Amino acid sequence: MKEKEEKGTHMILKTIVTILIIAVLILLYARFIGTRGLNINEIPIRTDKLSDNYDGFKIIQFSDLHYGSTINIDDVTNIVNKINSEKPDVVVFTGDLIEHDITVNDDNLNNLFTELNKIDPSIEVLAVPGNHDYDQETYWDKAMQNLNWTFLINSYKYVYVDNNNPIVFVGLDDYWHGSPNYDDAFAYYNDVTKDYYTIVLLHEPDQVDEIKDKHFDIALAGHSHLGQVRLPFIGAIYTPYGAKKYYNSHYKLDNNADLYISGGIGTSTMKLRYFDRPSINLYRFYTK
């Protein structure tokens with residue numbers, strides 16, 4: 001009897017130790033392996049609303065850099081090189097440049113801007129702010145002054161491949177800490193009568209429900225990190241405010257528009273990624 005009890009106790013201890021070892025290995029993987037590398041997710045966009053001149057048009061979205069979290073300047077250099085290697089026409093950044101609790105000195109900040117200014121699309125880089133950019137307003141103000149990007153904050157921009165048929169990019173201010181003004185953002189309605197192909201840039205994906213009465217074809221968001229830590233068959237185990245309804249990679253909205261959410265590059269709060277490697281999205285247009 002005593003021998004059986006000792007054997008049972010031994011099995012319990014062995015099981016506990018095995019579980020603890022597995023848990024530690026998962027945490028180590030999520031911290032030091034899951035946060036490394038950069039996947040490119042290619043997403044086909046098929047439309048008959050654009051001329052054939054847009055066939056093969058490429059947009060790269062990168063988001064949630066959270067510089068200073070699990071991302072350093074060497075990582076930024078690699079990210080920029082990978083973006084440029086895809087030869088995009090437009091690059092969009094959808095918020096959260098620097099991690100909110102990170103202090104970056106002027107030299108590091110200048111190095112960051114120098115590397116980001118090497119992003120070289122054939123047309124331009126467009127950007128909107130995220131909630132962490134308002135937490136780091138000093139850095140964000142410097143970014144707006146030093147980056148050769150076009151910042152769309154409650155504003156819009158026509159992007160042309162031919163002279164008559166632009167894509168309209170609409171940029172929204174941050175939903176959480178900013179001051180969104182949807183009438184200003186979509187003010188191009190007052191200038192045109194044509195139904196131009198429209199892409200909305202925003203940080204928090206749940207904000208799309210605020211523009212259900214506006215026309216747009218696709219919306220590109222970040223913020224959710226797709227959960228950052230995901231479990232097989234379950235998905236995201238936690239998402240932040242602003243990504244409670246929409247947090248996975250793609251949704252078809254009630255107005256028949258598509259919402260695409262980037263998994264982002266850096267990390268926030270927890271320096272962990274599990275079943276959710278850092279990534280950028282490449283949208284390739286097909287019109288034929």
# chains A, B, ... in the order shown; residues from 1 in each chain; ligands from 1
call {"tool": "residues_around", "arguments": {"residues": "Val159 of chain A", "least_positions_apart": "3", "cutoff": "10 Å", "atoms": "only C-alpha atoms", "output": "number ranges by chain"}}
result
A: 89-90, 123-124, 156, 162-163, 165-169
call {"tool": "residues_around", "arguments": {"residues": "Val128 of chain A", "least_positions_apart": "2", "cutoff": "6 Å", "atoms": "only C-alpha atoms", "output": "PDB file with all heavy atoms, in the first residue's frame"}}
result
ATOM      1  N   THR A  94       0.133  52.120 -40.015  1.00  0.00           N
ATOM      2  CA  THR A  94      -1.135  52.291 -39.310  1.00  0.00           C
ATOM      3  C   THR A  94      -0.971  52.370 -37.790  1.00  0.00           C
ATOM      4  O   THR A  94      -1.760  51.819 -37.030  1.00  0.00           O
ATOM      5  CB  THR A  94      -2.146  51.185 -39.699  1.00  0.00           C
ATOM      6  OG1 THR A  94      -1.515  49.905 -39.634  1.00  0.00           O
ATOM      7  CG2 THR A  94      -2.676  51.401 -41.103  1.00  0.00           C
ATOM      8  N   GLY A  95       0.054  53.097 -37.352  1.00  0.00           N
ATOM      9  CA  GLY A  95       0.111  53.519 -35.962  1.00  0.00           C
ATOM     10  C   GLY A  95       0.980  52.723 -35.016  1.00  0.00           C
ATOM     11  O   GLY A  95       1.325  51.571 -35.253  1.00  0.00           O
ATOM     12  N   PHE A 151       1.245  62.399 -43.537  1.00  0.00           N
ATOM     13  CA  PHE A 151       0.433  62.011 -42.379  1.00  0.00           C
ATOM     14  C   PHE A 151      -1.015  62.399 -42.639  1.00  0.00           C
ATOM     15  O   PHE A 151      -1.326  63.582 -42.860  1.00  0.00           O
ATOM     16  CB  PHE A 151       0.972  62.677 -41.109  1.00  0.00           C
ATOM     17  CG  PHE A 151       2.325  62.174 -40.711  1.00  0.00           C
ATOM     18  CD1 PHE A 151       3.484  62.741 -41.239  1.00  0.00           C
ATOM     19  CD2 PHE A 151       2.451  61.100 -39.848  1.00  0.00           C
ATOM     20  CE1 PHE A 151       4.734  62.264 -40.892  1.00  0.00           C
ATOM     21  CE2 PHE A 151       3.698  60.612 -39.492  1.00  0.00           C
ATOM     22  CZ  PHE A 151       4.841  61.197 -40.015  1.00  0.00           C
ATOM     23  N   LEU A 152      -1.875  61.401 -42.619  1.00  0.00           N
ATOM     24  CA  LEU A 152      -3.297  61.617 -42.873  1.00  0.00           C
ATOM     25  C   LEU A 152      -4.040  61.510 -41.555  1.00  0.00           C
ATOM     26  O   LEU A 152      -4.305  60.417 -41.055  1.00  0.00           O
ATOM     27  CB  LEU A 152      -3.821  60.573 -43.862  1.00  0.00           C
ATOM     28  CG  LEU A 152      -3.202  60.585 -45.265  1.00  0.00           C
ATOM     29  CD1 LEU A 152      -3.805  59.469 -46.117  1.00  0.00           C
ATOM     30  CD2 LEU A 152      -3.392  61.931 -45.933  1.00  0.00           C
TER      31      LEU A 152
END
call {"tool": "residues_around", "arguments": {"residues": "Tyr188 of chain A", "least_positions_apart": "6", "cutoff": "10 Å", "atoms": "only C-alpha atoms", "output": "PyMOL selection string"}}
result
chain A and resi 155-158+168+170+196
call {"tool": "atom_distance", "arguments": {"atom1": "atom CA of Thr103 of chain A", "atom2": "atom CA of Met144 of chain A"}}
result
17.9 Å
call {"tool": "select_by_dssp", "arguments": {"residues": "segment 60-181 of chain A", "states": "helix (DSSP H, G or I)", "output": "PyMOL selection string"}}
result
chain A and resi 73-85+106-116+131-135+137-146
call {"tool": "atom_distance", "arguments": {"atom1": "atom CA of Val208 of chain A", "atom2": "atom CA of Asp141 of chain A"}}
result
25.6 Å
call {"tool": "closest_residue", "arguments": {"among": "A:Ile218, A:Val92, A:Ile102, A:Ile119", "to": "Arg46 of chain A", "atoms": "only C-alpha atoms"}}
result
A:Ile218
call {"tool": "closest_residue", "arguments": {"among": "A:Tyr175, A:Phe32, A:Tyr283, A:Tyr247", "to": "Ile60 of chain A", "atoms": "only C-alpha atoms"}}
result
A:Tyr283
call {"tool": "atom_distance", "arguments": {"atom1": "atom CA of Ser179 of chain A", "atom2": "atom CA of Gln207 of chain A"}}
result
12.1 Å
call {"tool": "select_by_dssp", "arguments": {"residues": "segment 24-159 of chain A", "states": "strand (DSSP E)", "output": "PyMOL selection string"}}
result
chain A and resi 39-46+58-62+90-93+124-127+150-151+155-159
call {"tool": "residues_around", "arguments": {"residues": "Leu112 of chain A", "least_positions_apart": "3", "cutoff": "8 Å", "atoms": "only C-alpha atoms", "output": "list in words"}}
result
Ile73, Val76, Asn108, Leu109, Glu115 and Leu116 of chain A
call {"tool": "closest_atom_pairs", "arguments": {"of": "segment 108-224 of chain A", "to": "segment 242-245 of chain A", "cutoff": "6 Å", "atoms": "only C-alpha atoms", "output": "CSV"}}
result
residue,atom,partner,partner_atom,distance
A:Glu204,CA,A:Gly242,CA,5.0
A:Pro205,CA,A:Ala243,CA,5.7
A:Asp206,CA,A:Gly242,CA,5.2
A:Ser224,CA,A:Ala243,CA,5.4
call {"tool": "residues_around", "arguments": {"residues": "segment 15-27 of chain A", "least_positions_apart": "3", "cutoff": "12 Å", "atoms": "only C-alpha atoms", "output": "short mmCIF file (atom, residue, chain, number, x, y, z; two decimals) with N, CA, C and O atoms, in the first residue's frame"}}
result
data_model
loop_
_atom_site.label_atom_id
_atom_site.label_comp_id
_atom_site.auth_asym_id
_atom_site.auth_seq_id
_atom_site.Cartn_x
_atom_site.Cartn_y
_atom_site.Cartn_z
N GLY A 8 2.34 6.77 -6.62
CA GLY A 8 1.36 7.76 -7.06
C GLY A 8 1.87 9.18 -6.86
O GLY A 8 1.72 10.05 -7.73
N THR A 9 2.51 9.40 -5.70
CA THR A 9 3.08 10.73 -5.41
C THR A 9 4.17 11.08 -6.41
O THR A 9 4.26 12.21 -6.90
N HIS A 10 4.98 10.08 -6.72
CA HIS A 10 6.07 10.30 -7.69
C HIS A 10 5.50 10.68 -9.06
O HIS A 10 6.04 11.58 -9.73
N MET A 11 4.43 10.02 -9.48
CA MET A 11 3.82 10.32 -10.78
C MET A 11 3.25 11.73 -10.80
O MET A 11 3.37 12.45 -11.80
N ILE A 12 2.64 12.14 -9.69
CA ILE A 12 2.08 13.49 -9.61
C ILE A 12 3.18 14.53 -9.72
O ILE A 12 3.08 15.50 -10.46
N ALA A 30 8.08 31.98 -26.92
CA ALA A 30 7.27 33.16 -27.22
C ALA A 30 8.05 34.45 -27.06
O ALA A 30 7.80 35.43 -27.78
N ARG A 31 9.03 34.45 -26.15
CA ARG A 31 9.82 35.67 -25.93
C ARG A 31 10.96 35.82 -26.92
O ARG A 31 11.16 36.91 -27.49
N PHE A 32 11.70 34.76 -27.18
CA PHE A 32 12.95 34.90 -27.92
C PHE A 32 12.89 34.38 -29.36
O PHE A 32 13.76 34.72 -30.16
N ILE A 33 11.91 33.59 -29.70
CA ILE A 33 11.79 33.07 -31.06
C ILE A 33 10.54 33.62 -31.73
O ILE A 33 10.59 34.10 -32.87
N GLY A 34 9.43 33.60 -31.02
CA GLY A 34 8.17 34.09 -31.60
C GLY A 34 8.19 35.56 -31.95
O GLY A 34 7.41 36.01 -32.81
N THR A 35 9.05 36.35 -31.31
CA THR A 35 9.12 37.78 -31.58
C THR A 35 10.11 38.12 -32.69
O THR A 35 10.26 39.30 -33.03
N VAL A 229 -0.65 36.76 -28.63
CA VAL A 229 -0.53 35.38 -28.16
C VAL A 229 -1.80 34.65 -28.58
O VAL A 229 -2.90 35.00 -28.15
N LEU A 231 -3.71 30.75 -29.48
CA LEU A 231 -3.69 29.31 -29.20
C LEU A 231 -4.36 28.57 -30.34
O LEU A 231 -5.34 29.05 -30.91
N MET A 270 3.11 42.73 -23.06
CA MET A 270 3.88 41.49 -22.90
C MET A 270 4.86 41.35 -24.05
O MET A 270 4.46 41.48 -25.21
N LYS A 271 6.12 41.10 -23.75
CA LYS A 271 7.11 40.92 -24.82
C LYS A 271 7.08 39.47 -25.29
O LYS A 271 8.07 38.74 -25.24
N LEU A 272 5.91 39.09 -25.79
CA LEU A 272 5.68 37.70 -26.19
C LEU A 272 4.89 37.67 -27.50
O LEU A 272 4.03 38.53 -27.72
N ARG A 273 5.19 36.70 -28.33
CA ARG A 273 4.37 36.37 -29.49
C ARG A 273 4.33 34.84 -29.60
O ARG A 273 5.36 34.19 -29.52
N TYR A 274 3.12 34.34 -29.78
CA TYR A 274 2.96 32.89 -29.87
C TYR A 274 1.93 32.59 -30.94
O TYR A 274 0.80 33.10 -30.89
N PHE A 275 2.32 31.78 -31.94
CA PHE A 275 1.49 31.53 -33.12
C PHE A 275 1.08 32.85 -33.78
O PHE A 275 -0.03 32.98 -34.29
#
call {"tool": "closest_residue", "arguments": {"among": "A:Asn248, A:Asn255, A:Asn72, A:Thr287", "to": "Asp55 of chain A", "atoms": "only C-alpha atoms"}}
result
A:Thr287
call {"tool": "closest_residue", "arguments": {"among": "A:Asp106, A:Ile280, A:Ile211, A:Thr138", "to": "Ile83 of chain A", "atoms": "only C-alpha atoms"}}
result
A:Ile280
